[in-house]
Amino acid sequence: MAANVKEGWERSDFPILCESCLGSNPYVRMMKMEFAKECKVCTRPFTVFRWRPGGPDARYKKTEICQTCAKVKNVCQTCLLDLQYNLPVQVRDSSSEDGTVVAGSVVGQVIPVSDVHREYFAQQADKLAEENLLTYDKNQPANDVVQRLARKAPYYQRNKAHICSFFVRGECKRGTSCPYRHEIPEDKGELAHQNIKDRYYGVNDPVAKKMLERAEGWRKLTPPEDPDIMTLFVGGVDPTKVTEEDLKDALYAFGEIKSIKIVVAKQCGFVEFTTRQAAELCAEKMANKLVVKGDKLKLAWAKPQTVIGGEGGDGKGGKWNKKTDGESDSVNSRPAPPPPGFGGQNAPQMYYPSMNPNAFGTNPNAQQNSSMPPQPYFKHPPNFAPYPQHPTKQKQNNKNN
């Protein structure tokens, strides 16, 4: 009878954790408790691990789901984030271009949500795990949103202790020995209402919703109001690897290309189409998706050309400048005007009054520049006498003389 009661219960020697939950301390001390809790997904008892990650302000963490459920979705047992990209399941599985969520599956079966089929699915998953067939399909190519949102380094801020509720009410008497944080909580809005099952199944996750909304702005490039702009800016171009022919091969399918230019010093390029419709189609389809010879390139609308220091349009020494969204307006500033009276190289040199080297302030005998008006000098008023010296100082001067 006892064997039947424990059928399907999970025993394990080490949890399935991400690097963020495990912490920065390589010497982690864990407490192992067999069948201490039931899984919050399949409701079956499993072995619970409890530990404290490295850091003085870290809190104790424990596993929340069993290893079978974690293997099905390839997620951490504690934070339920993907082990490969460190993202919520809803963000990872949103691989379609229209943004619809594709539910994760194992061996062609959709993971059940109802309690009726959940136990049966868990038993089948255990059998697949014994045969080493329970592996999440990691070979599926991730879309550009997942690759850009993926966290490459561990995020240890998630391990911080919770906020002390007594401190918020002004009643905490522990002081610095309190294991909780003494901070005033911020209003997180929808992020404060997170559900572990929604996180696991990838539906109605407020964190994933916020990340997907932010990613929506990356997919679209707003066309400029000027209809004459038909040039796209390509950033991150390696001149030693990517040529103009490579850019033409990658973008010619959207319309006829008028010219392509690669700026070696700036490691960027400009692609000009013959029609505005072709440029808009290229910007819509290739935004955050342009990959040439294995390098992911940035695509943006080029801003209108401006003139720097001259009448560039009539060929009198002006210089055209093509500015993109990432460049500042400082390059378009004109030089300071010359001093008044400056008429060219053959004209007599003119100075401001303070710049005249021949005027020596109050010296009336200084030679004045012929191009400058006479410089006034200071005259003492009549009956002027210097300020008398102090008696002690006057005696010292008399002794020295």
# chains A, B, ... in the order shown; residues from 1 in each chain; ligands from 1
$ residues_around --residues "Phe14 in chain A" --least-positions-apart "2" --cutoff "10 Å" --atoms "only C-alpha atoms" --output "compact mmCIF listing (two decimals) with N, CA, C and O atoms, in the first residue's frame"
# COMPACT_ATOMS: atom_id res chain seq x y z
N ARG A 11 11.99 11.93 -6.32
CA ARG A 11 13.20 12.05 -5.52
C ARG A 11 14.31 12.58 -6.43
O ARG A 11 14.45 12.16 -7.56
N SER A 12 15.12 13.49 -5.90
CA SER A 12 16.22 14.06 -6.68
C SER A 12 17.36 14.45 -5.74
O SER A 12 17.14 14.68 -4.55
N ILE A 16 17.19 21.74 -10.54
CA ILE A 16 17.44 22.34 -11.85
C ILE A 16 17.25 23.85 -11.69
O ILE A 16 16.12 24.33 -11.56
N LEU A 17 18.36 24.58 -11.68
CA LEU A 17 18.31 26.01 -11.38
C LEU A 17 19.07 26.79 -12.44
O LEU A 17 19.98 26.27 -13.09
N MET A 30 22.85 23.83 0.84
CA MET A 30 21.43 23.60 0.58
C MET A 30 20.85 22.64 1.62
O MET A 30 21.55 21.76 2.13
N LYS A 32 17.91 19.82 1.95
CA LYS A 32 17.14 18.90 1.11
C LYS A 32 16.03 18.29 1.95
O LYS A 32 16.28 17.71 3.02
N THR A 47 10.87 16.57 -4.08
CA THR A 47 11.95 16.94 -3.17
C THR A 47 12.21 18.44 -3.27
O THR A 47 12.46 18.96 -4.36
N VAL A 48 12.16 19.11 -2.12
CA VAL A 48 12.32 20.56 -2.07
C VAL A 48 13.74 20.88 -1.60
O VAL A 48 14.25 20.27 -0.65
N PHE A 49 14.35 21.86 -2.26
CA PHE A 49 15.68 22.35 -1.88
C PHE A 49 15.54 23.81 -1.43
O PHE A 49 14.83 24.60 -2.07
N GLN A 67 10.91 18.49 -10.94
CA GLN A 67 11.86 18.46 -12.05
C GLN A 67 11.21 18.00 -13.35
O GLN A 67 11.63 18.40 -14.43
$ residues_around --residues "range 240-246 of chain A" --least-positions-apart "3" --cutoff "8 Å" --atoms "only C-alpha atoms" --output "VMD selection string"
chain A and resid 237 249 to 250 260 to 262 292 to 293
$ select_by_dssp --residues "range 135-265 of chain A" --states "strand (DSSP E)" --output "PyMOL selection string"
chain A and resi 231-235+257-263
$ residues_around --residues "range 163-175 of chain A" --least-positions-apart "5" --cutoff "8 Å" --atoms "only C-alpha atoms" --output "list of chain:residue names"
A:Tyr180, A:Arg181, A:His182, A:Glu183, A:Ile184, A:Pro185
$ closest_residue --among "A:Gly294, A:Pro15, A:Gly235, A:Gly202" --to "Ala265 in chain A" --atoms "only C-alpha atoms"
A:Gly235
$ residues_around --residues "Lys61 in chain A" --least-positions-apart "3" --cutoff "12 Å" --atoms "only C-alpha atoms" --output "MDAnalysis selection string"
chainID A and resid 15 17 20:23 28:31 48:54 58 64 77:79 158:162
$ residues_around --residues "Arg151 in chain A" --least-positions-apart "4" --cutoff "8 Å" --atoms "only C-alpha atoms" --output "mmCIF file with C-alpha atoms, in the first residue's frame"
data_model
loop_
_atom_site.group_PDB
_atom_site.id
_atom_site.type_symbol
_atom_site.label_atom_id
_atom_site.label_comp_id
_atom_site.auth_asym_id
_atom_site.auth_seq_id
_atom_site.Cartn_x
_atom_site.Cartn_y
_atom_site.Cartn_z
ATOM 1 C CA TYR A 85 17.528 32.703 -22.758
ATOM 2 C CA ASN A 86 16.578 33.606 -19.160
ATOM 3 C CA LEU A 87 13.193 34.883 -20.396
#
$ closest_residue --among "A:Val271, A:Ala278, A:Cys42, A:Met286" --to "Gln123 in chain A" --atoms "only C-alpha atoms"
A:Cys42
$ residues_around --residues "Lys285 in chain A" --least-positions-apart "2" --cutoff "10 Å" --atoms "only C-alpha atoms" --output "number ranges by chain"
A: 219-221, 254, 280-283, 287-290
$ atom_distance --atom1 "CA of Arg276 in chain A" --atom2 "CA of Ala302 in chain A"
12.6 Å
